[in-house]
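Raw contents of target_0.cif, mmCIF, N, CA and C atoms and all ligand atoms:
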```
data_run
loop_
_atom_site.label_atom_id
_atom_site.label_comp_id
_atom_site.auth_asym_id
_atom_site.auth_seq_id
_atom_site.Cartn_x
_atom_site.Cartn_y
_atom_site.Cartn_z
N MET A 1 -81.96 -132.47 -90.60
CA MET A 1 -82.96 -132.33 -91.68
C MET A 1 -83.33 -130.86 -91.89
N TYR A 2 -84.10 -130.63 -92.94
CA TYR A 2 -84.49 -129.26 -93.26
C TYR A 2 -85.58 -128.75 -92.32
N ARG A 3 -85.63 -127.46 -92.18
CA ARG A 3 -86.67 -126.85 -91.35
C ARG A 3 -88.05 -127.18 -91.95
N GLU A 4 -89.02 -127.20 -91.05
CA GLU A 4 -90.38 -127.55 -91.46
C GLU A 4 -90.89 -126.63 -92.57
N ILE A 5 -90.55 -125.36 -92.49
CA ILE A 5 -91.06 -124.41 -93.48
C ILE A 5 -90.53 -124.71 -94.87
N ILE A 6 -89.32 -125.24 -94.95
CA ILE A 6 -88.75 -125.61 -96.25
C ILE A 6 -89.53 -126.79 -96.84
N ILE A 7 -89.78 -127.77 -96.02
CA ILE A 7 -90.55 -128.94 -96.46
C ILE A 7 -91.95 -128.51 -96.89
N ASP A 8 -92.54 -127.59 -96.12
CA ASP A 8 -93.90 -127.15 -96.43
C ASP A 8 -93.96 -126.44 -97.79
N HIS A 9 -93.00 -125.55 -98.05
CA HIS A 9 -92.97 -124.86 -99.34
C HIS A 9 -92.70 -125.83 -100.48
N TYR A 10 -91.93 -126.88 -100.20
CA TYR A 10 -91.64 -127.89 -101.23
C TYR A 10 -92.90 -128.70 -101.55
N LYS A 11 -93.61 -129.12 -100.50
CA LYS A 11 -94.79 -129.97 -100.71
C LYS A 11 -96.01 -129.18 -101.14
N ASN A 12 -96.13 -127.94 -100.67
CA ASN A 12 -97.31 -127.11 -100.96
C ASN A 12 -96.88 -125.76 -101.52
N PRO A 13 -96.32 -125.76 -102.72
CA PRO A 13 -95.84 -124.48 -103.26
C PRO A 13 -96.99 -123.51 -103.51
N ARG A 14 -96.77 -122.26 -103.12
CA ARG A 14 -97.80 -121.23 -103.29
C ARG A 14 -97.69 -120.53 -104.64
N MET A 15 -96.52 -120.56 -105.23
CA MET A 15 -96.23 -119.70 -106.37
C MET A 15 -95.93 -120.49 -107.64
N LYS A 16 -96.22 -121.77 -107.64
CA LYS A 16 -95.86 -122.59 -108.79
C LYS A 16 -96.80 -122.32 -109.96
N GLY A 17 -96.24 -122.17 -111.15
CA GLY A 17 -97.04 -121.94 -112.34
C GLY A 17 -96.27 -121.07 -113.31
N THR A 18 -96.96 -120.59 -114.33
CA THR A 18 -96.34 -119.68 -115.29
C THR A 18 -97.27 -118.49 -115.50
N LEU A 19 -96.71 -117.37 -115.92
CA LEU A 19 -97.49 -116.18 -116.22
C LEU A 19 -97.34 -115.88 -117.70
N ASP A 20 -98.47 -115.79 -118.36
CA ASP A 20 -98.44 -115.50 -119.79
C ASP A 20 -99.60 -114.56 -120.12
N PRO A 21 -99.37 -113.32 -120.44
CA PRO A 21 -98.06 -112.72 -120.70
C PRO A 21 -97.32 -112.37 -119.39
N HIS A 22 -96.04 -112.06 -119.56
CA HIS A 22 -95.20 -111.64 -118.43
C HIS A 22 -94.31 -110.50 -118.92
N ASP A 23 -93.74 -109.78 -117.98
CA ASP A 23 -92.80 -108.72 -118.36
C ASP A 23 -91.37 -109.24 -118.39
N TYR A 24 -91.07 -110.18 -117.50
CA TYR A 24 -89.74 -110.78 -117.46
C TYR A 24 -89.90 -112.27 -117.26
N SER A 25 -89.09 -113.02 -117.97
CA SER A 25 -89.09 -114.47 -117.80
C SER A 25 -87.70 -115.00 -118.10
N TYR A 26 -87.28 -115.96 -117.33
CA TYR A 26 -85.97 -116.54 -117.59
C TYR A 26 -85.96 -117.96 -117.05
N GLU A 27 -85.14 -118.78 -117.70
CA GLU A 27 -85.01 -120.18 -117.26
C GLU A 27 -83.55 -120.56 -117.31
N ASP A 28 -83.13 -121.29 -116.31
CA ASP A 28 -81.74 -121.73 -116.30
C ASP A 28 -81.65 -122.99 -115.45
N ASP A 29 -80.47 -123.61 -115.48
CA ASP A 29 -80.33 -124.84 -114.71
C ASP A 29 -79.18 -124.74 -113.71
N ASN A 30 -79.18 -125.71 -112.83
CA ASN A 30 -78.04 -125.91 -111.94
C ASN A 30 -77.09 -126.83 -112.68
N PRO A 31 -75.91 -126.34 -113.07
CA PRO A 31 -75.02 -127.17 -113.89
C PRO A 31 -74.58 -128.45 -113.20
N LEU A 32 -74.67 -128.51 -111.90
CA LEU A 32 -74.23 -129.71 -111.18
C LEU A 32 -75.20 -130.88 -111.34
N CYS A 33 -76.48 -130.58 -111.49
CA CYS A 33 -77.47 -131.66 -111.51
C CYS A 33 -78.40 -131.59 -112.71
N GLY A 34 -78.45 -130.44 -113.38
CA GLY A 34 -79.35 -130.30 -114.53
C GLY A 34 -80.75 -129.87 -114.17
N ASP A 35 -81.05 -129.73 -112.87
CA ASP A 35 -82.38 -129.27 -112.48
C ASP A 35 -82.60 -127.86 -113.00
N ARG A 36 -83.86 -127.58 -113.42
CA ARG A 36 -84.15 -126.30 -114.06
C ARG A 36 -85.24 -125.54 -113.33
N ILE A 37 -85.12 -124.21 -113.37
CA ILE A 37 -86.17 -123.34 -112.83
C ILE A 37 -86.43 -122.24 -113.84
N ARG A 38 -87.72 -121.95 -114.02
CA ARG A 38 -88.13 -120.78 -114.80
C ARG A 38 -88.89 -119.86 -113.85
N ILE A 39 -88.66 -118.57 -113.98
CA ILE A 39 -89.39 -117.58 -113.18
C ILE A 39 -89.99 -116.54 -114.11
N ASP A 40 -91.28 -116.29 -113.93
CA ASP A 40 -92.01 -115.26 -114.69
C ASP A 40 -92.43 -114.16 -113.73
N VAL A 41 -92.35 -112.92 -114.21
CA VAL A 41 -92.66 -111.77 -113.36
C VAL A 41 -93.51 -110.77 -114.14
N ARG A 42 -94.49 -110.20 -113.46
CA ARG A 42 -95.22 -109.05 -114.01
C ARG A 42 -94.95 -107.84 -113.14
N VAL A 43 -94.82 -106.69 -113.81
CA VAL A 43 -94.49 -105.45 -113.11
C VAL A 43 -95.63 -104.46 -113.33
N ASP A 44 -96.04 -103.75 -112.26
CA ASP A 44 -97.15 -102.81 -112.41
C ASP A 44 -96.66 -101.43 -112.90
N ASP A 45 -97.58 -100.50 -113.02
CA ASP A 45 -97.25 -99.18 -113.57
C ASP A 45 -96.25 -98.42 -112.72
N GLU A 46 -96.16 -98.77 -111.44
CA GLU A 46 -95.22 -98.09 -110.55
C GLU A 46 -93.87 -98.79 -110.50
N GLY A 47 -93.70 -99.81 -111.33
CA GLY A 47 -92.40 -100.50 -111.38
C GLY A 47 -92.22 -101.51 -110.28
N ARG A 48 -93.32 -101.90 -109.65
CA ARG A 48 -93.21 -102.93 -108.60
C ARG A 48 -93.71 -104.27 -109.13
N ILE A 49 -93.13 -105.34 -108.62
CA ILE A 49 -93.56 -106.67 -109.06
C ILE A 49 -94.94 -106.95 -108.49
N SER A 50 -95.88 -107.18 -109.39
CA SER A 50 -97.26 -107.41 -108.96
C SER A 50 -97.60 -108.90 -108.92
N GLU A 51 -96.93 -109.67 -109.77
CA GLU A 51 -97.16 -111.12 -109.80
C GLU A 51 -95.85 -111.82 -110.14
N ALA A 52 -95.70 -113.02 -109.61
CA ALA A 52 -94.51 -113.82 -109.92
C ALA A 52 -94.89 -115.29 -109.83
N ALA A 53 -94.22 -116.10 -110.59
CA ALA A 53 -94.48 -117.54 -110.55
C ALA A 53 -93.21 -118.27 -110.97
N PHE A 54 -93.07 -119.51 -110.47
CA PHE A 54 -91.92 -120.30 -110.89
C PHE A 54 -92.41 -121.66 -111.38
N SER A 55 -91.62 -122.28 -112.24
CA SER A 55 -91.91 -123.63 -112.67
C SER A 55 -90.58 -124.36 -112.84
N GLY A 56 -90.64 -125.67 -112.98
CA GLY A 56 -89.42 -126.44 -113.14
C GLY A 56 -89.39 -127.61 -112.21
N GLU A 57 -88.24 -128.27 -112.22
CA GLU A 57 -88.06 -129.47 -111.40
C GLU A 57 -86.76 -129.37 -110.64
N GLY A 58 -86.77 -129.80 -109.41
CA GLY A 58 -85.53 -129.77 -108.65
C GLY A 58 -85.72 -130.36 -107.27
N CYS A 59 -84.67 -130.25 -106.49
CA CYS A 59 -84.67 -130.81 -105.14
C CYS A 59 -85.48 -129.92 -104.19
N ALA A 60 -85.64 -130.40 -102.96
CA ALA A 60 -86.44 -129.67 -101.97
C ALA A 60 -85.89 -128.26 -101.74
N ILE A 61 -84.57 -128.14 -101.68
CA ILE A 61 -83.99 -126.81 -101.41
C ILE A 61 -84.23 -125.86 -102.57
N SER A 62 -84.02 -126.32 -103.80
CA SER A 62 -84.18 -125.41 -104.94
C SER A 62 -85.64 -125.02 -105.13
N MET A 63 -86.54 -125.96 -104.93
CA MET A 63 -87.96 -125.68 -105.15
C MET A 63 -88.52 -124.80 -104.03
N SER A 64 -88.17 -125.08 -102.79
CA SER A 64 -88.69 -124.25 -101.70
C SER A 64 -88.07 -122.86 -101.75
N SER A 65 -86.82 -122.78 -102.14
CA SER A 65 -86.17 -121.48 -102.29
C SER A 65 -86.88 -120.66 -103.38
N ALA A 66 -87.23 -121.31 -104.50
CA ALA A 66 -87.93 -120.62 -105.58
C ALA A 66 -89.32 -120.16 -105.12
N ASP A 67 -89.99 -121.01 -104.36
CA ASP A 67 -91.34 -120.66 -103.90
C ASP A 67 -91.28 -119.48 -102.92
N MET A 68 -90.35 -119.56 -101.99
CA MET A 68 -90.23 -118.47 -100.99
C MET A 68 -89.79 -117.17 -101.66
N LEU A 69 -88.87 -117.28 -102.60
CA LEU A 69 -88.35 -116.08 -103.24
C LEU A 69 -89.42 -115.40 -104.10
N THR A 70 -90.14 -116.17 -104.89
CA THR A 70 -91.16 -115.55 -105.75
C THR A 70 -92.28 -114.94 -104.91
N GLU A 71 -92.52 -115.51 -103.74
CA GLU A 71 -93.52 -114.94 -102.82
C GLU A 71 -92.99 -113.64 -102.21
N ALA A 72 -91.71 -113.65 -101.88
CA ALA A 72 -91.11 -112.50 -101.18
C ALA A 72 -90.93 -111.27 -102.06
N ILE A 73 -90.86 -111.46 -103.38
CA ILE A 73 -90.57 -110.31 -104.25
C ILE A 73 -91.82 -109.53 -104.64
N ILE A 74 -93.00 -110.04 -104.31
CA ILE A 74 -94.22 -109.30 -104.65
C ILE A 74 -94.18 -107.95 -103.93
N GLY A 75 -94.36 -106.88 -104.71
CA GLY A 75 -94.33 -105.54 -104.12
C GLY A 75 -92.97 -104.87 -104.18
N LYS A 76 -91.92 -105.63 -104.51
CA LYS A 76 -90.58 -105.04 -104.60
C LYS A 76 -90.36 -104.39 -105.97
N THR A 77 -89.53 -103.37 -105.99
CA THR A 77 -89.13 -102.77 -107.26
C THR A 77 -88.04 -103.64 -107.90
N LEU A 78 -87.79 -103.42 -109.19
CA LEU A 78 -86.72 -104.18 -109.85
C LEU A 78 -85.37 -103.86 -109.24
N GLU A 79 -85.19 -102.62 -108.80
CA GLU A 79 -83.93 -102.25 -108.15
C GLU A 79 -83.76 -103.03 -106.85
N GLU A 80 -84.84 -103.18 -106.12
CA GLU A 80 -84.77 -103.95 -104.87
C GLU A 80 -84.46 -105.41 -105.17
N VAL A 81 -85.00 -105.94 -106.25
CA VAL A 81 -84.71 -107.32 -106.63
C VAL A 81 -83.23 -107.47 -107.01
N LYS A 82 -82.71 -106.49 -107.73
CA LYS A 82 -81.29 -106.55 -108.12
C LYS A 82 -80.38 -106.55 -106.90
N ALA A 83 -80.85 -105.97 -105.80
CA ALA A 83 -80.01 -105.88 -104.60
C ALA A 83 -80.06 -107.15 -103.74
N LEU A 84 -80.95 -108.08 -104.06
CA LEU A 84 -81.02 -109.31 -103.26
C LEU A 84 -79.74 -110.12 -103.47
N ASP A 85 -79.29 -110.75 -102.40
CA ASP A 85 -78.02 -111.47 -102.50
C ASP A 85 -78.09 -112.83 -101.79
N LYS A 86 -76.94 -113.48 -101.80
CA LYS A 86 -76.83 -114.81 -101.20
C LYS A 86 -77.27 -114.80 -99.74
N ALA A 87 -76.87 -113.76 -99.01
CA ALA A 87 -77.21 -113.67 -97.59
C ALA A 87 -78.73 -113.62 -97.40
N TYR A 88 -79.41 -112.94 -98.31
CA TYR A 88 -80.87 -112.84 -98.22
C TYR A 88 -81.50 -114.23 -98.35
N ILE A 89 -81.02 -115.01 -99.30
CA ILE A 89 -81.57 -116.36 -99.51
C ILE A 89 -81.28 -117.24 -98.29
N LEU A 90 -80.07 -117.16 -97.78
CA LEU A 90 -79.72 -118.01 -96.63
C LEU A 90 -80.55 -117.64 -95.41
N GLU A 91 -80.79 -116.35 -95.23
CA GLU A 91 -81.61 -115.92 -94.10
C GLU A 91 -83.06 -116.38 -94.30
N MET A 92 -83.52 -116.30 -95.55
CA MET A 92 -84.88 -116.73 -95.86
C MET A 92 -85.05 -118.22 -95.55
N LEU A 93 -84.06 -119.03 -95.92
CA LEU A 93 -84.14 -120.47 -95.69
C LEU A 93 -83.86 -120.82 -94.23
N GLY A 94 -83.00 -120.05 -93.61
CA GLY A 94 -82.72 -120.25 -92.19
C GLY A 94 -81.89 -121.46 -91.87
N ILE A 95 -81.06 -121.91 -92.82
CA ILE A 95 -80.19 -123.06 -92.54
C ILE A 95 -78.80 -122.81 -93.10
N GLU A 96 -77.83 -123.54 -92.54
CA GLU A 96 -76.47 -123.52 -93.07
C GLU A 96 -76.42 -124.50 -94.25
N LEU A 97 -75.67 -124.12 -95.30
CA LEU A 97 -75.60 -125.00 -96.47
C LEU A 97 -74.16 -125.17 -96.93
N GLY A 98 -73.82 -126.39 -97.34
CA GLY A 98 -72.52 -126.63 -97.94
C GLY A 98 -72.52 -126.14 -99.39
N ALA A 99 -71.38 -126.26 -100.05
CA ALA A 99 -71.23 -125.68 -101.38
C ALA A 99 -72.22 -126.24 -102.40
N VAL A 100 -72.47 -127.55 -102.35
CA VAL A 100 -73.37 -128.17 -103.33
C VAL A 100 -74.79 -127.70 -103.11
N ARG A 101 -75.24 -127.73 -101.86
CA ARG A 101 -76.60 -127.30 -101.53
C ARG A 101 -76.78 -125.81 -101.73
N LEU A 102 -75.70 -125.07 -101.62
CA LEU A 102 -75.77 -123.62 -101.85
C LEU A 102 -76.18 -123.34 -103.30
N LYS A 103 -75.64 -124.11 -104.22
CA LYS A 103 -76.03 -123.96 -105.64
C LYS A 103 -77.52 -124.20 -105.82
N CYS A 104 -78.04 -125.21 -105.11
CA CYS A 104 -79.48 -125.49 -105.17
C CYS A 104 -80.26 -124.28 -104.67
N ALA A 105 -79.82 -123.75 -103.54
CA ALA A 105 -80.55 -122.64 -102.91
C ALA A 105 -80.51 -121.38 -103.75
N LEU A 106 -79.41 -121.17 -104.47
CA LEU A 106 -79.22 -119.93 -105.21
C LEU A 106 -79.73 -119.98 -106.65
N LEU A 107 -80.16 -121.16 -107.09
CA LEU A 107 -80.61 -121.27 -108.49
C LEU A 107 -81.75 -120.30 -108.79
N SER A 108 -82.72 -120.20 -107.89
CA SER A 108 -83.85 -119.30 -108.16
C SER A 108 -83.42 -117.84 -108.21
N LEU A 109 -82.48 -117.46 -107.35
CA LEU A 109 -82.00 -116.07 -107.36
C LEU A 109 -81.25 -115.79 -108.66
N LYS A 110 -80.46 -116.77 -109.10
CA LYS A 110 -79.72 -116.63 -110.35
C LYS A 110 -80.70 -116.42 -111.51
N VAL A 111 -81.74 -117.22 -111.56
CA VAL A 111 -82.74 -117.12 -112.63
C VAL A 111 -83.48 -115.79 -112.55
N LEU A 112 -83.91 -115.43 -111.36
CA LEU A 112 -84.66 -114.18 -111.18
C LEU A 112 -83.84 -112.98 -111.61
N LYS A 113 -82.60 -112.93 -111.14
CA LYS A 113 -81.77 -111.75 -111.45
C LYS A 113 -81.38 -111.73 -112.92
N ALA A 114 -81.13 -112.88 -113.50
CA ALA A 114 -80.82 -112.89 -114.93
C ALA A 114 -82.00 -112.38 -115.73
N GLY A 115 -83.22 -112.75 -115.33
CA GLY A 115 -84.41 -112.27 -116.01
C GLY A 115 -84.57 -110.77 -115.88
N VAL A 116 -84.38 -110.27 -114.68
CA VAL A 116 -84.56 -108.84 -114.42
C VAL A 116 -83.46 -108.01 -115.07
N TYR A 117 -82.25 -108.54 -115.05
CA TYR A 117 -81.16 -107.83 -115.73
C TYR A 117 -81.23 -108.01 -117.23
N GLY A 118 -81.98 -109.01 -117.68
CA GLY A 118 -82.07 -109.28 -119.11
C GLY A 118 -80.80 -109.86 -119.67
N LEU A 119 -80.15 -110.67 -118.85
CA LEU A 119 -78.87 -111.24 -119.29
C LEU A 119 -79.05 -112.68 -119.75
N GLU A 120 -78.18 -113.10 -120.59
CA GLU A 120 -78.17 -114.51 -120.99
C GLU A 120 -77.59 -115.36 -119.88
N THR A 121 -76.56 -114.87 -119.28
CA THR A 121 -75.96 -115.57 -118.16
C THR A 121 -75.61 -114.57 -117.09
N LEU A 122 -75.53 -115.01 -115.90
CA LEU A 122 -75.23 -114.12 -114.80
C LEU A 122 -74.01 -114.62 -114.04
N GLU A 123 -73.04 -113.77 -113.94
CA GLU A 123 -71.84 -114.16 -113.22
C GLU A 123 -72.16 -114.33 -111.74
N GLU A 124 -71.56 -115.30 -111.12
CA GLU A 124 -71.89 -115.60 -109.74
C GLU A 124 -71.56 -114.45 -108.79
N GLU A 125 -70.64 -113.57 -109.21
CA GLU A 125 -70.27 -112.45 -108.33
C GLU A 125 -71.47 -111.56 -108.04
N LEU A 126 -72.44 -111.56 -108.94
CA LEU A 126 -73.61 -110.70 -108.75
C LEU A 126 -74.55 -111.24 -107.68
N LEU A 127 -74.39 -112.51 -107.32
CA LEU A 127 -75.32 -113.11 -106.36
C LEU A 127 -74.98 -112.69 -104.93
FE1 LIG B 201 -80.53 -130.12 -108.39
FE2 LIG B 201 -80.61 -129.23 -105.92
S1 LIG B 201 -79.98 -131.21 -106.58
S2 LIG B 201 -81.02 -128.13 -107.72
#
```
Do you think you could lay out the structure here as structure tokens?
Ligand code: FES
Amino acid sequence: MYREIIIDHYKNPRMKGTLDPHDYSYEDDNPLCGDRIRIDVRVDDEGRISEAAFSGEGCAISMSSADMLTEAIIGKTLEEVKALDKAYILEMLGIELGAVRLKCALLSLKVLKAGVYGLETLEEELL
């Protein structure tokens, strides 16, 4: 089963909601299941993320990953966010994942980076 911290973030999300206005916002889905995540971000005068929030529907892995990720990026610069990768998410979750569950775990990173890069779609190589 999943680690307790994953279940806790799924059941008691700290970062769920939307930010309006926001500086960056993006929404996308996991093509395998159709689950969607939107991430909104505000950036302060020094270029650091001051607020972040996620919304959407998905499985425990995708939702807890989104909650942990939006919490972890507070205070980071956009360049630091662009440098986040698959290994970062896996370390954050602390579990081994098969290919299907990996898509769930990476959905929030895909959405976040697409928003920050301002892209319509993000090639998986960037993750
Ligand atoms: Fe849909 Fe995990 S099953 S994101």
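Atom to atom, CA of Val111 (chain A) and atom C of Tyr26 (chain A) stand 5.5 Å apart.
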> Could you write out, as an MDAnalysis selection string, all the residues of chain A that DSSP marks as helix (DSSP H, G or I)?
Replying inline: chainID A and resid 4:11 60:72 78:82 86:93 99:117 124:126
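Our summary of the geometry notes that CA of Met92 (chain A) is positioned 14.8 Å from CA of Ile74 (chain A).
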>> Taking 2 positions as the minimum chain separation for residues in the same chain, which residues sit within 8 Å of region 82-90 of chain A when counting all atoms listed in the file? Answer as number ranges by chain.
In response: A: 65, 69, 77-80, 92-97, 105-106, 109, 112-113, 116-117, 126-127
>> Counting all atoms listed in the file, what are the residues, protein, DNA or RNA alike, that approach ligand LIG 201 (chain B) to within 6 Å? I want them as a PyMOL selection string.
In response: chain A and resi 30+33-35+58-62+103-104
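Coordinates place CA of Asn12 (chain A) at a distance of 22.3 Å from atom C of Asp29 (chain A).
Distance check against His9 (chain A) using only N, CA and C atoms: of A:Val43, A:Met68, A:Ala52, A:Leu32, the minimum falls on A:Met68.
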>> So that I can check the surroundings of Ala66 (chain A), please list as JSON, numbers by chain every protein, DNA and RNA residue that reaches within 9 Å of it, counting only C-alpha atoms and ignoring chain neighbours fewer than 6 positions away.
In response: {"A": [15, 16, 37, 39, 53, 54, 55, 105, 106, 107, 108, 109]}
> Closest to Tyr24 (chain A) among A:Asp45, A:Ala99, A:Arg3, A:Gly118, using all atoms listed in the file?
Replying inline: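 Closest to Tyr24 (chain A) of all the choices is A:Gly118.
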> Which of these residues is nearest to Thr70 (chain A), using all atoms listed in the file: A:Arg14, A:Pro31, A:Tyr2, A:Val100?
Replying inline: A:Arg14
Put the listed atoms of region 52-56 of chain A in a box along x, y and z with 5 Å added on every side and give me the centre and edge lengths in Å to one decimal, as JSON.
```
{"center_x": -92.5, "center_y": -120.3, "center_z": -111.4, "size_x": 16.3, "size_y": 24.6, "size_z": 13.5}
```
>> Which of chain A end up as strand (DSSP E or B) when DSSP is run on this backbone - answer as a list in words?
In response: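 Assigned to strand (DSSP E or B), within chain A: Lys16, Tyr24, Ser25, Tyr26, Glu27, Asp28, Asp29, Arg36, Ile37, Arg38, Ile39, Asp40, Val41, Arg42, Val43, Arg48, Ile49, Ser50, Glu51, Ala52, Ala53, Phe54, Ser55, Gly56, Glu57 and Thr77 of chain A.
Minimum atom-to-atom distance to Ile49 (chain A), evaluated using all atoms listed in the file, belongs to A:Ile73 out of A:Ile5, A:Met63, A:Ala114, A:Ile73.
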